[in-house]
Every structure is written in C-alpha cells, then in structure tokens.
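Engineer: Questions regarding the structure given below will be posed in turn.
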Amino acid sequence: MTKVSFLTGRELIDEEMIYVPDEHTSTRPAIYLDNGRLRCNRCNNTKNFSSHRCARCGKVCTYCRNCIEMGKISSCTTLYRWNGPAPKHPDHAGTLHWTGTLSEGQRAASVNVKQAIIHSSEHLVWAVTGAGKTEVLFQGIAAALSDGKRVCIAAPRSDVVRELAPRLAAAFPDTPPIALYGGSPDRSSYSPLVVTTTHQLYRFYQAFDVMIVDEVDAFPYTFDPSLQFAVQKARKESSSLIYLTATPNTEWQSEVKSGKRDATLIPARYHRHPLPVPATRWCGNWKKTILPVSVQLWVKEKLNEGSRLLLFYPHIETMDKALPLFKEIDPRIESVHAADPLRKEKVELMRRGKIPALLSTTILERGVTFQGIDVAVIGAEDAVFAESALVQIAGRAGRSAECPTGEVVFFHYGKTEAMRKAIRQINEMNKLGVERGLIDE
Amino acid sequence: MKQCLLCENNTEMETWLLFFGAKSSSLCPNCLGKLEKITGPLCRICSRPMKEEGICSDCHSWGESIYAGNRSLYLYNSAMQSLLARFKYRGDYALAAVFADDVRREAKEAECDVICAVPLSPSRLLERRFNQSEALIESAGLTHTRLIGRYESDKQAKKSRAERLSAEQTFYPLGQAEGKSVLVIDDIYTTGTTVRRVAEALKEAGACTVKSVTIARSGS
C-alpha cells in the first residue's frame with residue numbers, strides 16, 4: 001500500500017488518516033452549523049446527534065449517531081482529503097476479455113449505457129430478473145477505463161459485492177477491481193474499478209467519473225437518504241450515473257413510461273423464455289393454521305414430482321413455527337433468515353440440490369439463483385411483500401436455460417394491491433418481450 | 001414521538017400505560033424485548049445465575065476482602081453484546097440512557113456513601129473520548145467521586161480468563177474515602193477481577209466496604 005493509493009478519492013477521519021498531511025491535503029470539520037442547524041459532512045444527517053464532555057477536546061462535543069458505525073464523528077473531528085495526482089491506469093485497462101454474447105435486449109441497453117458514460121449523463125436500466133444486467137455494463141466500463149475514468153459499482157449488500165467482484169475481475173483482468181464492504185481486505189487499496197457496498201461510499205469524496213448503482217430499489221438505499229447522499233458525494237461533479245434494477249418504484253415506472261426518465265427496458269430473460277406468472281391461491285388464516293392444507297398439498301405434490309421448492313414467509317416467528325410441520329413432510333427441509341449463523345451453508349446446500357425445500361424470509365428475494373425450482377409465498381398479503389418484493393421472488397423461478405420454467409404461487413388470506421400490481425408487471429413484461437421479438441413462443 | 005435509540009422505530013407505548021405511571025422507554029418494545037433481565041437463583045456475591053442460591057466457586061476462591069458483592073442486571077446475550085459494543089467501542093454515549101432508571105434504582109438500593117467510576121487509562125480515555133462507567137452514572141443523574149486512577153496497561157477485553165485473574169494491579173488511590181462505603185458502577189462483570197482490583201485501590205484510599213452494580217453479567 002502506498003500513500004497515493006490509500007488516499008486517492010477518499011475522505012477520512014482523524015483515526016483513519018494514517019499519513020501526515022502534506023501540501024495536497026485539504027481539511028474540513030466533520031460537523032458544522034448549516035444556518036443554525038447541525039449537519040454531518042460525511043452522511044448529511046441533521047437530526048440524529050448526541051453530545052457529551054469529550055476527553056479529546058475538553059469541551060461538550062456533539063457527535064453524529066447516524067454514521068457512527070463507520071467510525072465516530074464528533075465536533076472536534078477533522079475530515080481529510082488528498083488532492084494530489086491519482087495513480088495512472090494500468091496498460092490495457094479498458095481491454096474487455098469477456099467473450100460471451102449479449103441478447104438483443106442486452107445489446108440495446110449496453111449501447112445506451114456506453115453513451116451515458118461517454119456523455120456523463122444519467123441512465124436507468126430496467127431489466128427483468130434473469131435478463132443479465134451485469135453484462136450490460138461491460139462495454140461502458142471498458143470505454144470509461146480506456147478513457148482514464150474511474151468507475152464505481154455500488155450494491156446494497158456485501159454478498160452482492162463479493163459475487164460481482166470476481167465477474168468483473170474476469171472481464172477486466174488488466175484492472176482487477178477492489179471489493180469494499182465492512183471488514184474487506186481491500187479497504188486501503190486503489191483500483192480504477194471499485195465494487196462496493198453503498199455504505200462504504202461515506203468514505204469517498206468526488207472520486208468517480210462513473211457511478212453505477214445496482215438494485216437501486218433495494219433496502220436500505222431507497223429508505224436511507226444519507227446513503228443516497230453518500231452516492232452523490234462520491235461522484236465527481238461531472239460524471240455519469242447508471243441505475244440498475246428489475247423492479248423500479250412506482251414513480252420511476254411512470255417516469256419511464258412517460259419518457260421523463262432516460263431508460264432502457266429489457267423485458268425478457270437471456271434464455272428467451274417468458275417470466276413465470278404467479279398464480280394466486282387463497283389459503284385461509286395461515287397465521288392460525290401455520291401450514292395451511294392447500295400449501296401442504298401443493299408442497300407434497302411438487303416434491304413427489306421431484307421438484308425443489310423455495311418457500312417465503314413474511315416473518316421469522318411464523319416461519320419458525322412452520323418448520324417442524326414441513327420437516328414432517330421431509331426432515332431435510334430447512335429455513336434461513338438474515339441473522340441465521342448457518343445462512344451461507346444452507347444456501348449452498350440448496351444450490352447443490354441437497355435440500356428439497358428451503359423456507360426463507362425476504363432475504364433470499366433477490367440475488368440468488370437455484371436451478372429448476374418452484375416458488376411459493378405463504379402469507380403473500382403481508383405488508384413486507386411489496387410489489388417489488390413479489391416480482392423479485394417470482395423471478396427466482398425458471399432462471400436457467402436448462403430449466404427455464406417454474407411454478408410460482410402466492411398463497412394468501414386476502415389479495416392485495418401489491419399482488420395485483422406484481423402480476424400485472426410480469427404480464428406486461430412478457431407481452432413486451434413477445435412484441436419486441438425477445439421471447440420465443 | 002420518541003425514537004428508539006437502536007432501531008429508529010417509535011418507542012410506542014399505550015397511553016393507558018403512561019396513565020398508570022409507566023415510563024416511556026428509550027428503546028422500542030422490540031429492541032427492549034431482546035434484553036434479558038437476570039432472574040432466578042443467583043450467587044449471593046457476584047449475581048451469577050445458579051441452579052440454587054448460594055455462593056459460586058469463583059467467589060469462594062476469591063476469599064475475604066472488603067468487596068461486598070456485585071449486582072448485575074442483564075444477561076450478556078447477543079443483543080446486549082451489540083448494544084454495549086456500540087456504546088463503548090463505537091462511542092455512542094446516548095445509549096447510557098437505556099440503563100438510567102436501572103442504575104438509579106440499584107444505586108439507591110445499595111445505600112453507599114459515594115459512587116465511584118472505574119477509571120480508564122489516559123490513552124484509552126483519549127481514544128474513546130469518554131469513560132463508559134462515568135457515562136452510566138451521569139446518565140442516571142448521579143455524581144461520581146474520583147477516588148482512584150489507572151495506569152497504562154493492555155486491554156482487559158483482549159485477555160484470556162487466566163491472564164485476567166493473574167493481572168497486576170493497575171489502579172491506584174487518588175482521593176480520600178476514609179471509612180466510607182463505595183459503590184462502583186461499570187458495564188460488564190466477567191471474571192470480577194477488575195472490580196476486585198478497584199476495591200483494593202479503594203481500600204488503600206480508606207474505603208471500608210465496596211459494592212458494584214454492572215449492567216451485564218458475562219462469563220459462564
């Protein structure tokens with residue numbers, strides 16, 4: 001690690017600033033008074049502060065509670081930036097070594113992404129689940145790297161970062177990306193190509209010429225204005241902004257439809273089969289019955305056919321109650337949730353086909369691919385299952401070219417608007433896919 | 001509407017409960033529910049949960065001293081672990097408020113003459129910006145008296161049990177506590193070594209008896 005590679009593009013607090021400031025260093029206070037209102041310069045929080053007598057400055061010192069997990073920022077904290085020349089890109093930085101072919105839908109998106117990157121503009125790629133949105137970025141990233149630009153891909157969760165980094169490393173072997181997340185071994189390195197959790201962007205300042213936000217509709221990005229601020233702070237003033245999602249929110253959907261938002265829609269999957277359309281089935285008060293008869297019959301029938309199942313429950317409590325009943329059907333059935341210590345292992349077992357059915361909370365709604373599964377939601381009317389969650393969940397079925405179909409059932413105790421909208425969205429995409437000749441019938 | 005200090009949910013409380021004198025908490029019911037109060041039979045000296053009430057083997061082997069015992073309030077479960085880590089290591093002073101009522105009540109019950117915080121070494125205090133033990137006392141609206149100081153030494157939390165038990169004395173008397181009963185308040189009781197070393201230093205300062213209140217009881 002050298003000083004230049006450690007400091008370039010970053011904005012760090014006293015504890016992180018391990019080098020002596022030089023003529024290229026500029027500083028600013030971490031917390032300041034903005035028209036009489038306290039504001040955190042790292043996360044833009046104006047509401048969540050506390051204070052205590054500080055042993056460092058000897059005064060009653062205010063600190064930011066919003067970004068404290070990234071290292072505490074107080075009134076007496078200084079933020080350091082380094083404005084010296086950035087490291088040079090490696091030779092052949094922009095040479096793309098990916099040899100796959102893009103689908104017709106991907107190709108249109110790829111051209112538009114590249115244009116947006118060249119012209120430092122904003123573009124949304126709305127690609128259905130299984131369309132292959134990562135490959136859509138390659139041409140644009142190649143152009144940016146060839147141009148000496150620095151590229152960042154921000155994803156909502158660290159497992160997505162760890163999954164993306166090796167794919168990018170294979171595509172750009174001359175420019176191995178660094179992967180940033182809490183506890184990442186790359187956290188003090190430099191690369192023109194960065195894959196990071198949105199949280200780590202708090203530590204950057206006007207560093208990137210290309211900012212790509214993956215799964216822009218996902219938690220926590222959409223619900224946390226300070227993460228959106230972090231993305232803006234980490235971009236250069238003149239830079240491109242690319243959004244990727246399979247499930248834009250209602251506002252963005254209508255902006256796309258009315259032409260207000262520059263976007264490319266990929267309505268069909270890479271394998272040219274239609275998206276599985278969810279069926280809805282009333283299952284009575286499942287909170288009372290725990291495992292409703294209709295669900296039980298469906299599960300038994302599917303397992304007898306040799307199918308493997310991914311079953312979503314809205315809450316850990318109801319899922320925990322249901323698991324023993326599922327184990328009576330087959331003792332190998334397992335469950336996972338966010339804080340499950342065996343989460344990785346169970347997902348891996350499911351991936352390798354060792355588990356006939358996996359119960360899950362919404363944590364597996366996106367980012368995972370299990371080959372040849374059928375999917376069900378139990379309690380689909382619950383508020384946690386928003387339109388986007390249901391579309392993502394339905395998108396777990398039929399993802400691979402070998403098994404391009406799959407059944408999706410929403411078991412419910414009263415249909416919701418979110419269920420209707422999710423099904424409508426999937427049908428619309430399939431219709432568009434056929435119209436544009438992207439689906440073989 | 002008050003926000004939970006941990007999850008930013010509202011700390012909802014049925015209005016009829018307030019009417020009956022319940023105090024609204026600094027945590028929401030969900031976060032509060034993850035903290036487990038210590039109940040059932042305990043070691044009479046250190047508050048260790050036991051099969052039946054008595055004195056645990058650790059406290060037996062410590063032998064006689066002016067240290068009269070510890071009262072711990074919560075089990076050191078994973079929720080408490082992350083709460084205290086955020087409070088102490090991340091430096092989220094505001095979380096001391098979660099235990100203000102507990103500390104105030106226990107301090108009253110302990111009926112001691114003075115309250116003393118467990119000091120940090122000078123370098124550790126600079127690093128952390130505040131002393132967590134003082135924060136717990138201050139947030140409860142109580143005052144602490146500086147009776148002892150602490151030399152530089154390695155972090156207690158990074159030591160093994162054996163290393164802790166054989167640790168050298170790092171506390172030294174500062175103030176006068178002649179003939180006084182002293183209450184020490186700290187965040188975690190693990191092996192009890194810290195608070196016993198504190199008691200020794202307080203004895204040198206003249207204290208006649210020392211008790212402690214700790215938020216969490218860790219160790220088996």
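Each chain of the structure tokens is named A, B, ... in the order shown, its residues numbered from 1; ligands are numbered from 1 in display order.
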With a cut-off of 7 Å, could you pull out the residues of stretch 47-123 of chain B touching stretch 207-211 of chain B and give me the nearest pair of atoms for each, distance in Å to one decimal, using only C-alpha atoms, ordered by chain and ascending number, as JSON lines?

Structural biologist:
{"residue": "B:Ile66", "atom": "CA", "partner": "B:Thr209", "partner_atom": "CA", "distance": 4.9}
{"residue": "B:Tyr67", "atom": "CA", "partner": "B:Val210", "partner_atom": "CA", "distance": 4.8}
{"residue": "B:Ala68", "atom": "CA", "partner": "B:Lys211", "partner_atom": "CA", "distance": 5.3}
{"residue": "B:Gly69", "atom": "CA", "partner": "B:Lys211", "partner_atom": "CA", "distance": 5.2}
{"residue": "B:Asn70", "atom": "CA", "partner": "B:Lys211", "partner_atom": "CA", "distance": 5.9}

Engineer: For the residues in the current selection, export N, CA, C and O atoms as an mmCIF file, in the first residue's frame.

Structural biologist:
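Writing done, so here's result31.cif:
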data_model
loop_
_atom_site.group_PDB
_atom_site.id
_atom_site.type_symbol
_atom_site.label_atom_id
_atom_site.label_comp_id
_atom_site.auth_asym_id
_atom_site.auth_seq_id
_atom_site.Cartn_x
_atom_site.Cartn_y
_atom_site.Cartn_z
ATOM 1 N N ILE B 66 -12.744 -6.514 51.314
ATOM 2 C CA ILE B 66 -13.749 -5.502 51.631
ATOM 3 C C ILE B 66 -14.811 -5.454 50.528
ATOM 4 O O ILE B 66 -15.762 -4.714 50.605
ATOM 5 N N TYR B 67 -14.609 -6.262 49.497
ATOM 6 C CA TYR B 67 -15.566 -6.286 48.391
ATOM 7 C C TYR B 67 -16.812 -7.066 48.809
ATOM 8 O O TYR B 67 -16.758 -8.269 49.065
ATOM 9 N N ALA B 68 -17.937 -6.366 48.876
ATOM 10 C CA ALA B 68 -19.152 -6.969 49.434
ATOM 11 C C ALA B 68 -20.047 -7.596 48.379
ATOM 12 O O ALA B 68 -21.024 -8.252 48.717
ATOM 13 N N GLY B 69 -19.725 -7.406 47.103
ATOM 14 C CA GLY B 69 -20.516 -8.105 46.117
ATOM 15 C C GLY B 69 -21.001 -7.260 44.964
ATOM 16 O O GLY B 69 -20.894 -6.030 44.967
ATOM 17 N N ASN B 70 -21.511 -7.949 43.958
ATOM 18 C CA ASN B 70 -21.909 -7.331 42.710
ATOM 19 C C ASN B 70 -23.370 -7.626 42.418
ATOM 20 O O ASN B 70 -23.873 -8.701 42.718
#

Engineer: If you run DSSP over the backbone, which residues in stretch 28-146 of chain A end up strand (DSSP E)? Put them as number ranges by chain.

Structural biologist: A: 28-29, 31-34, 37-40, 49-53, 60-64, 78-82, 122-127

Engineer: Which residues of chain B have any atom within 9 Å of an atom in chain A when counting only C-alpha atoms, and what is the closest pair of atoms for each, with the distance in Å to one decimal? Order the rows by chain and rising number and write it as CSV.

Structural biologist:
residue,atom,partner,partner_atom,distance
B:Arg86,CA,A:Glu69,CA,7.9
B:Arg90,CA,A:Lys72,CA,6.4
B:Gly91,CA,A:Lys72,CA,6.7
B:Asp92,CA,A:Arg65,CA,7.0
B:Tyr93,CA,A:His52,CA,7.0
B:Ala94,CA,A:Ser50,CA,6.2
B:Leu125,CA,A:Ala55,CA,6.5
B:Leu126,CA,A:Arg56,CA,5.5
B:Glu127,CA,A:Arg56,CA,8.0
B:Arg128,CA,A:Ala55,CA,8.0
B:Arg129,CA,A:Ala55,CA,4.6
B:Phe130,CA,A:Ala55,CA,5.8
B:Asn131,CA,A:Ala55,CA,8.6
B:Ala135,CA,A:His52,CA,8.5

Engineer: What would the file look like if the residues just selected were written as an mmCIF file, in the first residue's frame with N, CA and C atoms?

Structural biologist:
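That gives us part-v4.cif:
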data_model
loop_
_atom_site.group_PDB
_atom_site.id
_atom_site.type_symbol
_atom_site.label_atom_id
_atom_site.label_comp_id
_atom_site.auth_asym_id
_atom_site.auth_seq_id
_atom_site.Cartn_x
_atom_site.Cartn_y
_atom_site.Cartn_z
ATOM 1 N N ARG B 86 -21.653 -1.017 20.743
ATOM 2 C CA ARG B 86 -21.956 0.278 20.129
ATOM 3 C C ARG B 86 -21.748 1.418 21.132
ATOM 4 N N ARG B 90 -17.944 1.869 19.758
ATOM 5 C CA ARG B 90 -18.326 2.869 18.755
ATOM 6 C C ARG B 90 -18.422 4.253 19.386
ATOM 7 N N GLY B 91 -18.670 4.287 20.679
ATOM 8 C CA GLY B 91 -18.698 5.565 21.381
ATOM 9 C C GLY B 91 -20.057 6.245 21.384
ATOM 10 N N ASP B 92 -21.138 5.466 21.317
ATOM 11 C CA ASP B 92 -22.473 6.055 21.288
ATOM 12 C C ASP B 92 -22.959 6.326 22.714
ATOM 13 N N TYR B 93 -22.489 7.437 23.244
ATOM 14 C CA TYR B 93 -22.772 7.869 24.618
ATOM 15 C C TYR B 93 -24.270 7.827 24.941
ATOM 16 N N ALA B 94 -25.088 8.201 23.969
ATOM 17 C CA ALA B 94 -26.540 8.325 24.186
ATOM 18 C C ALA B 94 -27.150 7.040 24.741
ATOM 19 N N LEU B 125 -8.717 6.648 27.431
ATOM 20 C CA LEU B 125 -9.733 7.693 27.543
ATOM 21 C C LEU B 125 -9.703 8.623 26.328
ATOM 22 N N LEU B 126 -8.498 8.948 25.862
ATOM 23 C CA LEU B 126 -8.382 9.788 24.666
ATOM 24 C C LEU B 126 -8.969 9.076 23.461
ATOM 25 N N GLU B 127 -8.685 7.796 23.356
ATOM 26 C CA GLU B 127 -9.175 7.007 22.227
ATOM 27 C C GLU B 127 -10.699 6.973 22.230
ATOM 28 N N ARG B 128 -11.295 6.718 23.386
ATOM 29 C CA ARG B 128 -12.748 6.542 23.466
ATOM 30 C C ARG B 128 -13.514 7.844 23.599
ATOM 31 N N ARG B 129 -12.859 8.889 23.984
ATOM 32 C CA ARG B 129 -13.474 10.210 24.165
ATOM 33 C C ARG B 129 -14.307 10.337 25.436
ATOM 34 N N PHE B 130 -14.800 9.230 25.981
ATOM 35 C CA PHE B 130 -15.476 9.307 27.284
ATOM 36 C C PHE B 130 -15.301 7.980 28.006
ATOM 37 N N ASN B 131 -15.534 8.017 29.322
ATOM 38 C CA ASN B 131 -15.433 6.823 30.143
ATOM 39 C C ASN B 131 -16.833 6.226 30.283
ATOM 40 N N ALA B 135 -20.252 7.597 32.117
ATOM 41 C CA ALA B 135 -21.446 7.880 31.311
ATOM 42 C C ALA B 135 -22.680 7.241 31.943
#

Engineer: Give me every alpha helix (DSSP H) residue in stretch 14-88 of chain B, going by DSSP on the backbone, as a list in words.

Structural biologist: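 Listing alpha helix (DSSP H) positions across stretch 14-88 of chain B yields Thr15, Trp16, Leu17, Leu18, Phe19, Pro29, Asn30, Cys31, Leu32, Gly33, Ser57, Asp58, Cys59, His60, Ser61, Trp62, Ser78, Ala79, Met80, Gln81, Ser82, Leu83, Leu84, Ala85, Arg86, Phe87 and Lys88 of chain B.
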
Engineer: So that I can check the surroundings of A:Asn285, please list as a list of chain:residue names every protein, DNA and RNA residue that reaches within 6 Å of it, counting only C-alpha atoms and ignoring chain neighbours fewer than 2 positions away.

Structural biologist: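 In the requested format, the answer is A:Lys287, A:Lys288, A:Tyr413.
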
Engineer: Identify, on the basis of only C-alpha atoms, every residue whose closest approach to A:Trp82 does not exceed 7 Å; exclude the query and any residue fewer than 6 positions from it along the same chain; express the result as a VMD selection string.

Structural biologist: chain A and resid 7 to 8 24 to 26

Engineer: Can you write out the residues you just picked, keeping N, CA, C and O atoms, as a compact mmCIF listing (two decimals), in the first residue's frame?

Structural biologist:
# COMPACT_ATOMS: atom_id res chain seq x y z
N LEU A 7 -4.95 7.19 -0.29
CA LEU A 7 -5.67 8.45 -0.10
C LEU A 7 -6.54 8.87 -1.28
O LEU A 7 -7.53 9.57 -1.10
N THR A 8 -6.17 8.45 -2.49
CA THR A 8 -6.86 8.97 -3.67
C THR A 8 -8.38 8.74 -3.62
O THR A 8 -8.83 7.61 -3.49
N HIS A 24 -0.89 18.64 -0.56
CA HIS A 24 -2.07 18.25 -1.32
C HIS A 24 -3.28 17.96 -0.42
O HIS A 24 -4.33 17.56 -0.89
N THR A 25 -3.09 18.09 0.88
CA THR A 25 -4.17 17.72 1.80
C THR A 25 -5.07 18.93 2.08
O THR A 25 -4.58 20.02 2.34
N SER A 26 -6.37 18.72 2.01
CA SER A 26 -7.27 19.77 2.48
C SER A 26 -8.18 19.18 3.55
O SER A 26 -8.41 17.97 3.60

Engineer: Applying 10 Å and only C-alpha atoms, which residues near B:Glu152 remain after dropping the ones on its own chain fewer than 5 positions away? List them as a list in words.

Structural biologist: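 Returned residues: Leu120, Ser121, Pro122, Ser123, Arg124, Thr170 and Phe171 of chain B.
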
Engineer: Save the residues we just selected, C-alpha atoms, as a compact mmCIF listing (two decimals), in the first residue's frame?

Structural biologist:
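To be explicit, this is the file written out as result-v9.txt:
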# COMPACT_ATOMS: atom_id res chain seq x y z
CA LEU B 120 -9.71 4.33 32.08
CA SER B 121 -6.01 4.74 31.45
CA PRO B 122 -5.16 8.17 29.95
CA SER B 123 -4.54 6.83 26.45
CA ARG B 124 -7.68 4.71 26.42
CA THR B 170 -3.32 -1.06 37.53
CA PHE B 171 -5.48 1.10 39.82

Engineer: Can you pull out every residue within 10 Å of A:Phe172, counting only C-alpha atoms, but drop anything in the same chain fewer than 3 positions away, and send it as number ranges by chain?

Structural biologist: A: 92-98, 138, 141-142, 145, 166-169, 175-177, 193

Engineer: Please identify all polymer residues within 9 Å of A:Leu124, counting only C-alpha atoms, omitting same-chain residues fewer than 4 positions from it, and present them as a tab-separated table (two decimals) with N, CA, C and O atoms, in the first residue's frame.

Structural biologist:
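What landed in selection_25.tsv:
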chain	number	residue	atom	x	y	z
A	113	VAL	N	-25.98	2.50	-22.21
A	113	VAL	CA	-25.14	2.69	-21.03
A	113	VAL	C	-23.81	3.31	-21.45
A	113	VAL	O	-23.32	4.27	-20.84
A	241	LEU	N	-24.20	8.60	-14.19
A	241	LEU	CA	-24.89	7.88	-13.13
A	241	LEU	C	-25.79	6.83	-13.78
A	241	LEU	O	-26.71	7.17	-14.51
A	242	ILE	N	-25.46	5.56	-13.52
A	242	ILE	CA	-26.21	4.47	-14.13
A	242	ILE	C	-26.96	3.73	-13.04
A	242	ILE	O	-26.36	3.31	-12.05
A	243	TYR	N	-28.26	3.57	-13.21
A	243	TYR	CA	-29.05	2.81	-12.24
A	243	TYR	C	-29.45	1.47	-12.84
A	243	TYR	O	-29.86	1.41	-13.99
A	244	LEU	N	-29.35	0.41	-12.04
A	244	LEU	CA	-29.81	-0.91	-12.48
A	244	LEU	C	-30.90	-1.41	-11.55
A	244	LEU	O	-30.77	-1.31	-10.33
A	245	THR	N	-31.97	-1.94	-12.11
A	245	THR	CA	-32.98	-2.57	-11.27
A	245	THR	C	-33.90	-3.46	-12.10
A	245	THR	O	-34.06	-3.25	-13.30
A	256	VAL	N	-40.52	6.44	-16.57
A	256	VAL	CA	-40.01	5.72	-17.74
A	256	VAL	C	-41.08	5.67	-18.83
A	256	VAL	O	-40.83	5.97	-19.99
A	261	ARG	N	-37.79	9.87	-17.87
A	261	ARG	CA	-36.52	9.33	-17.37
A	261	ARG	C	-35.84	8.53	-18.48
A	261	ARG	O	-36.45	7.66	-19.11
A	262	ASP	N	-34.58	8.86	-18.71
A	262	ASP	CA	-33.80	8.19	-19.73
A	262	ASP	C	-33.56	6.74	-19.30
A	262	ASP	O	-32.90	6.50	-18.28
A	263	ALA	N	-34.11	5.79	-20.03
A	263	ALA	CA	-34.03	4.41	-19.56
A	263	ALA	C	-34.05	3.42	-20.71
A	263	ALA	O	-34.54	3.72	-21.79
A	264	THR	N	-33.49	2.24	-20.44
A	264	THR	CA	-33.64	1.13	-21.37
A	264	THR	C	-34.33	0.00	-20.63
A	264	THR	O	-33.94	-0.35	-19.51
A	265	LEU	N	-35.33	-0.55	-21.28
A	265	LEU	CA	-36.07	-1.65	-20.68
A	265	LEU	C	-35.64	-2.95	-21.35
A	265	LEU	O	-35.61	-3.04	-22.58
